[in-house]
Amino acid sequence: MVIHLKKGKDKSAIARDNAEVREVVESIINDIEARGDIAIRELSLKYDGFEPTKFFLDEDDIATAVAQVSANDLDDIKFAQTQIRNFAELQKNCLQDLEVETLPGVVLGHRNVPVNAVGCYIPGGKYPMVASAHMSVLTAQVAGVTRIVAAAPPQNGEPHPAQVAAMHLAGANEILLIGGVQAVAAMALGTESINAVDMLVGPGNMYVAEAKRQLFGRVGIDLLAGPTETLVIADDSADPEVCAVDLLGQAEHGPTSPATLLTNSNELAVDTLKEVERQLEIMPTAEVAGRAWADFGSVLVCDTLEEMVVEADQLAYEHVQVMTKDPDYFAEKMTNYGALFLGVRTNVSYGDKVIGTNHTLPTARAARYTGGLWVGKFMKTCTYQKVLTDEASAMIGSYCSRLCALEGFAGHGEQANLRIRRYGGSNIEPYGVAAKL
């Protein structure tokens with residue numbers, strides 16, 4: 001039996017909020033599609049307090065920004081990018097092209113082909129997300145994407161130096177000083193000044209996630225990576241202070257970020273609730289984290305580990321921090337999660353910033369059907385076929401002809417029958433209605 005010691009907003013309130021977001025996003029996308037550059041300038045002024053005279057940073061702008069970043073900060077950025085690049089390259093090595101002769105004279109294969117042009121959104125707002133440049137731009141570069149556009153909002157009317165440095169060092173070909181929905185829509189749709197991309201990637205708030213959802217189809221997307229979610233799975237071996245830190249450390253992302261404790265220890269649940277309140281009194285970002293915890297925080301107490309696995313898979317959260325006697329139990333049993341953080345020695349922040357795995361992960365239960373961003377998301381696995389001999393073409397054609405007749409596809413059948421007549425000699429006869437064309 002599952003007991004909810006604390007619940008967040010009810011589903012109807014969340015649905016109303018989501019409906020409002022959809023309307024705002026749809027209006028912005030329609031405006032940009034209709035008015036292009038003019039709309040972007042007006043929207044930038046409205047939402048970022050900044051009306052750009054130009055959208056792209058040139059070489060001098062980039063050099064000026066990078067020069068403002070301290071040597072120590074640049075070294076840290078480079079260290080993080082090295083870890084992410086190393087892991088991305090190892091992942092890419094798992095993607096192998098294939099060619100095999102499946103029947104005598106019949107060759108099938110696939111190639112892993114990079115997407116040509118990708119737009120990477122790098123969130124700004126309250127927190128300039130330097131790490132998101134590593135996760136999207138750098139991973140696209142490792143995949144072999146030839147045109148990488150990165151967009152980030154201004155900070156007080158200027159590009160954020162560390163974000164620019166990270167985007168530049170990661171391999172961005174173009175850097176846009178635009179934020180929010182207007183950035184995502186501009187990259188997807190194109191304007192007089194901005195050439196459209198083929199795919200959008202990167203995390204963002206609920207508005208950015210909704211924009212990607214509405215634009216999907218016109219461009220590809222990596223996944224729906226909206227407000228951050230974190231699930232802490234803990235038993236009686238866990239420390240309430242650590243549980244509270246790991247919950248609030250992600251709740252500070254924004255006021256709509258869910259944070260949930262899932263445990264089989266009522267004592268730990270009660271102590272963690274108390275510890276959360278204590279930490280919120282001294283936490284520098286308590287205003288944001290506290291609101292997220294009040295509206296979207298929850299505590300669930302289960303009877304057994306098995307019940308915890310079921311609940312965790314139902315939640316299908318983005319980040320899952322496991323602090324139990326046997327963390328590997330959950331790694332083996334769980335199927336729905338964006339990323340696992342196993343044991344007290346690691347945490348979500350490591351994954352967010354530096355350890356090497358990608359921090360762009362599925363939210364809103366999308367972990368039921370997709371993993372996070374990785375090199376493979378930037379690759380299209382495209383198949384091909386070759387038939388090398390007359391005999392093979394006629395043999396495959398005979399099966400194809402009969403199967404086309406079964407479905408009533410006369411034109412399809414004639415494609416097969418033509419090859420049978422040309423390559424089969426007198427050994428194989430065309431079949432069905434299509435043979436009479």
# chains A, B, ... in the order shown; residues from 1 in each chain; ligands from 1
call {"tool": "closest_atom_pairs", "arguments": {"of": "stretch 303-402 of chain A", "to": "stretch 64-84 of chain A", "cutoff": "9 Å", "atoms": "only C-alpha atoms", "output": "JSON lines"}}
result
{"residue": "A:Lys353", "atom": "CA", "partner": "A:Ala80", "partner_atom": "CA", "distance": 7.1}
{"residue": "A:Val354", "atom": "CA", "partner": "A:Ala80", "partner_atom": "CA", "distance": 4.6}
{"residue": "A:Ile355", "atom": "CA", "partner": "A:Gln83", "partner_atom": "CA", "distance": 6.2}
{"residue": "A:Gly356", "atom": "CA", "partner": "A:Ile84", "partner_atom": "CA", "distance": 4.0}
{"residue": "A:Thr357", "atom": "CA", "partner": "A:Ile84", "partner_atom": "CA", "distance": 6.3}
{"residue": "A:Asn358", "atom": "CA", "partner": "A:Ile84", "partner_atom": "CA", "distance": 7.3}
call {"tool": "residues_around", "arguments": {"residues": "stretch 105-119 of chain A", "least_positions_apart": "3", "cutoff": "8 Å", "atoms": "only C-alpha atoms", "output": "CSV table (one decimal) with C-alpha atoms, in the first residue's frame"}}
result
chain,number,residue,atom,x,y,z
A,95,LEU,CA,26.6,2.8,-33.7
A,96,GLN,CA,27.9,0.5,-36.5
A,97,ASP,CA,27.0,0.6,-40.1
A,98,LEU,CA,25.7,-2.7,-41.4
A,99,GLU,CA,25.9,-4.6,-44.7
A,100,VAL,CA,25.0,-8.3,-45.0
A,101,GLU,CA,24.0,-10.7,-47.7
A,102,THR,CA,20.8,-12.1,-46.3
A,140,ALA,CA,25.9,17.2,-32.1
A,143,ALA,CA,27.8,13.0,-34.2
A,144,GLY,CA,29.0,14.8,-37.3
A,145,VAL,CA,26.3,17.5,-37.7
A,146,THR,CA,27.6,20.0,-40.2
A,147,ARG,CA,25.6,23.1,-39.2
A,148,ILE,CA,25.0,23.6,-35.5
A,149,VAL,CA,23.0,26.7,-34.4
A,150,ALA,CA,23.0,27.6,-30.7
A,151,ALA,CA,20.6,30.1,-29.2
A,184,VAL,CA,13.1,27.8,-30.8
A,187,MET,CA,15.4,28.1,-35.6
A,188,ALA,CA,12.6,25.8,-36.6
A,197,VAL,CA,17.3,23.9,-39.1
A,198,ASP,CA,16.2,20.3,-39.5
A,199,MET,CA,16.0,19.4,-35.8
A,200,LEU,CA,15.6,21.1,-32.4
A,201,VAL,CA,17.3,19.9,-29.2
A,378,PHE,CA,21.5,13.2,-34.1
A,379,MET,CA,21.9,10.2,-36.4
A,380,LYS,CA,19.4,8.8,-38.9
A,381,THR,CA,19.7,5.0,-39.4
A,382,CYS,CA,18.9,4.8,-43.1
A,383,THR,CA,18.5,1.4,-44.8
A,384,TYR,CA,19.5,0.4,-48.4
A,385,GLN,CA,19.2,-2.8,-50.5
A,386,LYS,CA,21.0,-4.3,-53.5
A,387,VAL,CA,20.1,-7.3,-55.6
A,388,LEU,CA,23.2,-8.5,-57.4
A,389,THR,CA,22.0,-11.4,-59.6
A,391,GLU,CA,18.2,-15.2,-60.1
A,392,ALA,CA,17.9,-13.3,-56.9
call {"tool": "closest_residue", "arguments": {"among": "A:Glu158, A:Glu23, A:Asp48, A:Asp10", "to": "A:Ile62", "atoms": "only C-alpha atoms"}}
result
A:Glu158
call {"tool": "closest_atom_pairs", "arguments": {"of": "stretch 327-411 of chain A", "to": "stretch 235-247 of chain A", "cutoff": "10 Å", "atoms": "only C-alpha atoms", "output": "JSON lines"}}
result
{"residue": "A:Gly343", "atom": "CA", "partner": "A:Ala238", "partner_atom": "CA", "distance": 9.7}
{"residue": "A:Val344", "atom": "CA", "partner": "A:Val242", "partner_atom": "CA", "distance": 8.1}
{"residue": "A:Asn347", "atom": "CA", "partner": "A:Asp246", "partner_atom": "CA", "distance": 7.2}
{"residue": "A:Val348", "atom": "CA", "partner": "A:Asp246", "partner_atom": "CA", "distance": 7.5}
{"residue": "A:Ser349", "atom": "CA", "partner": "A:Asp246", "partner_atom": "CA", "distance": 8.6}
call {"tool": "write_last_selection", "arguments": {"atoms": "N, CA and C atoms", "output": "PDB file, in the first residue's frame"}}
result
ATOM      1  N   GLY A 343      23.601   5.232  -5.692  1.00  0.00           N
ATOM      2  CA  GLY A 343      24.421   5.345  -4.497  1.00  0.00           C
ATOM      3  C   GLY A 343      24.591   6.785  -4.052  1.00  0.00           C
ATOM      4  N   VAL A 344      24.942   6.943  -2.782  1.00  0.00           N
ATOM      5  CA  VAL A 344      25.032   8.272  -2.186  1.00  0.00           C
ATOM      6  C   VAL A 344      26.230   9.056  -2.706  1.00  0.00           C
ATOM      7  N   ASN A 347      25.253  11.991  -7.594  1.00  0.00           N
ATOM      8  CA  ASN A 347      24.014  12.773  -7.451  1.00  0.00           C
ATOM      9  C   ASN A 347      23.667  13.390  -8.793  1.00  0.00           C
ATOM     10  N   VAL A 348      22.467  13.956  -8.893  1.00  0.00           N
ATOM     11  CA  VAL A 348      21.971  14.493 -10.157  1.00  0.00           C
ATOM     12  C   VAL A 348      22.838  15.655 -10.638  1.00  0.00           C
ATOM     13  N   SER A 349      23.342  16.443  -9.721  1.00  0.00           N
ATOM     14  CA  SER A 349      24.164  17.582 -10.111  1.00  0.00           C
ATOM     15  C   SER A 349      25.407  17.157 -10.892  1.00  0.00           C
TER      16      SER A 349
END
call {"tool": "closest_residue", "arguments": {"among": "A:Cys404, A:Ile32, A:Ala133, A:Leu273", "to": "A:Gly297", "atoms": "only C-alpha atoms"}}
result
A:Leu273
call {"tool": "select_by_dssp", "arguments": {"residues": "stretch 212-407 of chain A", "states": "strand (DSSP E or B)", "output": "VMD selection string"}}
result
chain A and resid 216 219 to 221 230 to 234 259 to 263 297 to 301 319 to 323 339 to 342 379 to 387
call {"tool": "residues_around", "arguments": {"residues": "A:Ile40", "least_positions_apart": "5", "cutoff": "12 Å", "atoms": "only C-alpha atoms", "output": "ChimeraX atom specification"}}
result
/A:28-35,45-48,50-55,176-187,189-194
call {"tool": "write_last_selection", "arguments": {"atoms": "N, CA, C and O atoms", "output": "CSV table (one decimal), in the first residue's frame"}}
result
chain,number,residue,atom,x,y,z
A,28,ILE,N,2.8,32.8,-30.2
A,28,ILE,CA,4.1,33.2,-30.5
A,28,ILE,C,4.6,32.6,-31.8
A,28,ILE,O,5.1,33.3,-32.7
A,29,ILE,N,4.4,31.3,-32.0
A,29,ILE,CA,4.8,30.6,-33.2
A,29,ILE,C,4.1,31.2,-34.4
A,29,ILE,O,4.7,31.5,-35.4
A,30,ASN,N,2.8,31.4,-34.3
A,30,ASN,CA,2.0,32.0,-35.4
A,30,ASN,C,2.6,33.4,-35.8
A,30,ASN,O,2.6,33.8,-37.0
A,31,ASP,N,2.9,34.2,-34.8
A,31,ASP,CA,3.4,35.5,-35.0
A,31,ASP,C,4.7,35.5,-35.7
A,31,ASP,O,4.9,36.2,-36.7
A,32,ILE,N,5.6,34.6,-35.3
A,32,ILE,CA,6.9,34.5,-36.0
A,32,ILE,C,6.8,34.0,-37.4
A,32,ILE,O,7.5,34.5,-38.3
A,33,GLU,N,5.9,33.1,-37.6
A,33,GLU,CA,5.7,32.5,-38.9
A,33,GLU,C,5.1,33.6,-39.9
A,33,GLU,O,5.5,33.7,-41.0
A,34,ALA,N,4.3,34.5,-39.3
A,34,ALA,CA,3.7,35.6,-40.1
A,34,ALA,C,4.6,36.8,-40.4
A,34,ALA,O,4.7,37.4,-41.4
A,35,ARG,N,5.4,37.2,-39.3
A,35,ARG,CA,6.1,38.4,-39.4
A,35,ARG,C,7.6,38.3,-39.2
A,35,ARG,O,8.4,39.3,-39.3
A,45,LEU,N,12.0,42.0,-26.9
A,45,LEU,CA,11.8,43.1,-26.0
A,45,LEU,C,10.8,42.8,-24.9
A,45,LEU,O,10.9,43.2,-23.7
A,46,LYS,N,9.7,42.1,-25.3
A,46,LYS,CA,8.6,41.8,-24.4
A,46,LYS,C,9.1,40.9,-23.3
A,46,LYS,O,8.8,41.1,-22.1
A,47,TYR,N,9.8,39.8,-23.6
A,47,TYR,CA,10.1,38.8,-22.7
A,47,TYR,C,11.5,38.9,-22.1
A,47,TYR,O,11.7,38.4,-21.0
A,48,ASP,N,12.4,39.5,-22.8
A,48,ASP,CA,13.8,39.6,-22.3
A,48,ASP,C,14.3,41.0,-22.0
A,48,ASP,O,15.4,41.2,-21.6
A,50,PHE,N,15.0,43.2,-24.2
A,50,PHE,CA,16.1,43.4,-25.1
A,50,PHE,C,15.7,43.4,-26.5
A,50,PHE,O,15.0,42.4,-26.9
A,51,GLU,N,15.9,44.5,-27.3
A,51,GLU,CA,15.5,44.5,-28.7
A,51,GLU,C,16.8,44.4,-29.6
A,51,GLU,O,17.5,45.4,-29.7
A,52,PRO,N,17.0,43.2,-30.1
A,52,PRO,CA,18.3,43.0,-30.8
A,52,PRO,C,18.3,43.8,-32.2
A,52,PRO,O,17.4,43.8,-32.9
A,53,THR,N,19.5,44.4,-32.4
A,53,THR,CA,19.7,45.0,-33.7
A,53,THR,C,20.2,44.0,-34.7
A,53,THR,O,20.1,44.1,-35.9
A,54,LYS,N,20.8,42.9,-34.2
A,54,LYS,CA,21.3,41.8,-35.0
A,54,LYS,C,21.0,40.6,-34.1
A,54,LYS,O,21.0,40.6,-32.9
A,55,PHE,N,20.9,39.4,-34.8
A,55,PHE,CA,20.6,38.2,-34.0
A,55,PHE,C,21.8,37.3,-33.7
A,55,PHE,O,21.8,36.7,-32.7
A,176,LEU,N,23.1,32.5,-31.7
A,176,LEU,CA,22.0,33.5,-31.7
A,176,LEU,C,21.7,34.0,-30.3
A,176,LEU,O,21.7,33.3,-29.3
A,177,LEU,N,21.6,35.4,-30.2
A,177,LEU,CA,21.3,36.0,-28.9
A,177,LEU,C,19.7,36.2,-28.8
A,177,LEU,O,19.2,37.3,-28.9
A,178,ILE,N,19.0,35.1,-28.7
A,178,ILE,CA,17.6,35.1,-28.6
A,178,ILE,C,17.2,34.0,-27.6
A,178,ILE,O,17.8,33.0,-27.5
A,179,GLY,N,16.1,34.3,-26.9
A,179,GLY,CA,15.7,33.3,-25.8
A,179,GLY,C,14.3,32.8,-26.0
A,179,GLY,O,13.5,33.3,-26.9
A,180,GLY,N,14.0,31.8,-25.2
A,180,GLY,CA,12.6,31.3,-25.1
A,180,GLY,C,12.0,30.8,-26.4
A,180,GLY,O,12.7,30.2,-27.3
A,181,VAL,N,10.7,30.8,-26.4
A,181,VAL,CA,9.9,30.3,-27.5
A,181,VAL,C,10.3,30.9,-28.9
A,181,VAL,O,10.4,30.3,-29.9
A,182,GLN,N,10.6,32.2,-28.8
A,182,GLN,CA,11.0,32.9,-30.0
A,182,GLN,C,12.3,32.4,-30.6
A,182,GLN,O,12.4,32.3,-31.9
A,183,ALA,N,13.2,31.9,-29.8
A,183,ALA,CA,14.4,31.3,-30.3
A,183,ALA,C,14.2,30.0,-30.9
A,183,ALA,O,14.6,29.7,-32.1
A,184,VAL,N,13.4,29.1,-30.3
A,184,VAL,CA,13.1,27.8,-30.8
A,184,VAL,C,12.3,27.9,-32.1
A,184,VAL,O,12.6,27.2,-33.1
A,185,ALA,N,11.3,28.8,-32.1
A,185,ALA,CA,10.5,28.9,-33.3
A,185,ALA,C,11.3,29.5,-34.5
A,185,ALA,O,11.1,29.1,-35.6
A,186,ALA,N,12.2,30.5,-34.2
A,186,ALA,CA,13.0,31.1,-35.3
A,186,ALA,C,13.9,30.0,-35.9
A,186,ALA,O,14.0,30.0,-37.1
A,187,MET,N,14.5,29.2,-35.1
A,187,MET,CA,15.4,28.1,-35.6
A,187,MET,C,14.6,27.1,-36.4
A,187,MET,O,15.0,26.6,-37.4
A,189,LEU,N,11.5,27.5,-37.9
A,189,LEU,CA,10.7,28.0,-39.1
A,189,LEU,C,11.6,28.8,-40.0
A,189,LEU,O,11.3,28.8,-41.2
A,190,GLY,N,12.6,29.4,-39.5
A,190,GLY,CA,13.4,30.3,-40.3
A,190,GLY,C,12.8,31.7,-40.5
A,190,GLY,O,11.5,31.8,-40.4
A,191,THR,N,13.6,32.7,-40.7
A,191,THR,CA,13.1,34.0,-41.0
A,191,THR,C,13.9,34.7,-42.1
A,191,THR,O,14.7,34.0,-42.7
A,192,GLU,N,13.7,36.0,-42.3
A,192,GLU,CA,14.5,36.6,-43.3
A,192,GLU,C,16.0,36.5,-43.0
A,192,GLU,O,16.9,36.5,-43.9
A,193,SER,N,16.4,36.5,-41.7
A,193,SER,CA,17.8,36.5,-41.3
A,193,SER,C,18.3,35.1,-40.8
A,193,SER,O,19.5,34.9,-40.8
A,194,ILE,N,17.4,34.3,-40.5
A,194,ILE,CA,17.8,33.0,-39.9
A,194,ILE,C,17.4,31.8,-40.7
A,194,ILE,O,16.2,31.7,-41.1
call {"tool": "select_by_dssp", "arguments": {"residues": "stretch 106-195 of chain A", "states": "alpha helix (DSSP H)", "output": "PyMOL selection string"}}
result
chain A and resi 131-133+139-143+161-170+180-189
call {"tool": "atom_distance", "arguments": {"atom1": "atom CA of A:Leu305", "atom2": "atom CA of A:Thr263"}}
result
8.5 Å
call {"tool": "residues_around", "arguments": {"residues": "stretch 217-233 of chain A", "least_positions_apart": "2", "cutoff": "7 Å", "atoms": "only C-alpha atoms", "output": "PyMOL selection string"}}
result
chain A and resi 188+198-201+203-206+209+212-213+215+243+247+250+253+256-263+317-323+360-363+373+377
call {"tool": "residues_around", "arguments": {"residues": "A:Gln314", "least_positions_apart": "5", "cutoff": "9 Å", "atoms": "only C-alpha atoms", "output": "list in words"}}
result
Val309, Asn336, Arg365 and Arg368 of chain A
call {"tool": "closest_residue", "arguments": {"among": "A:Lys92, A:Arg422, A:Lys333, A:Lys7", "to": "A:Gly376", "atoms": "only C-alpha atoms"}}
result
A:Lys92
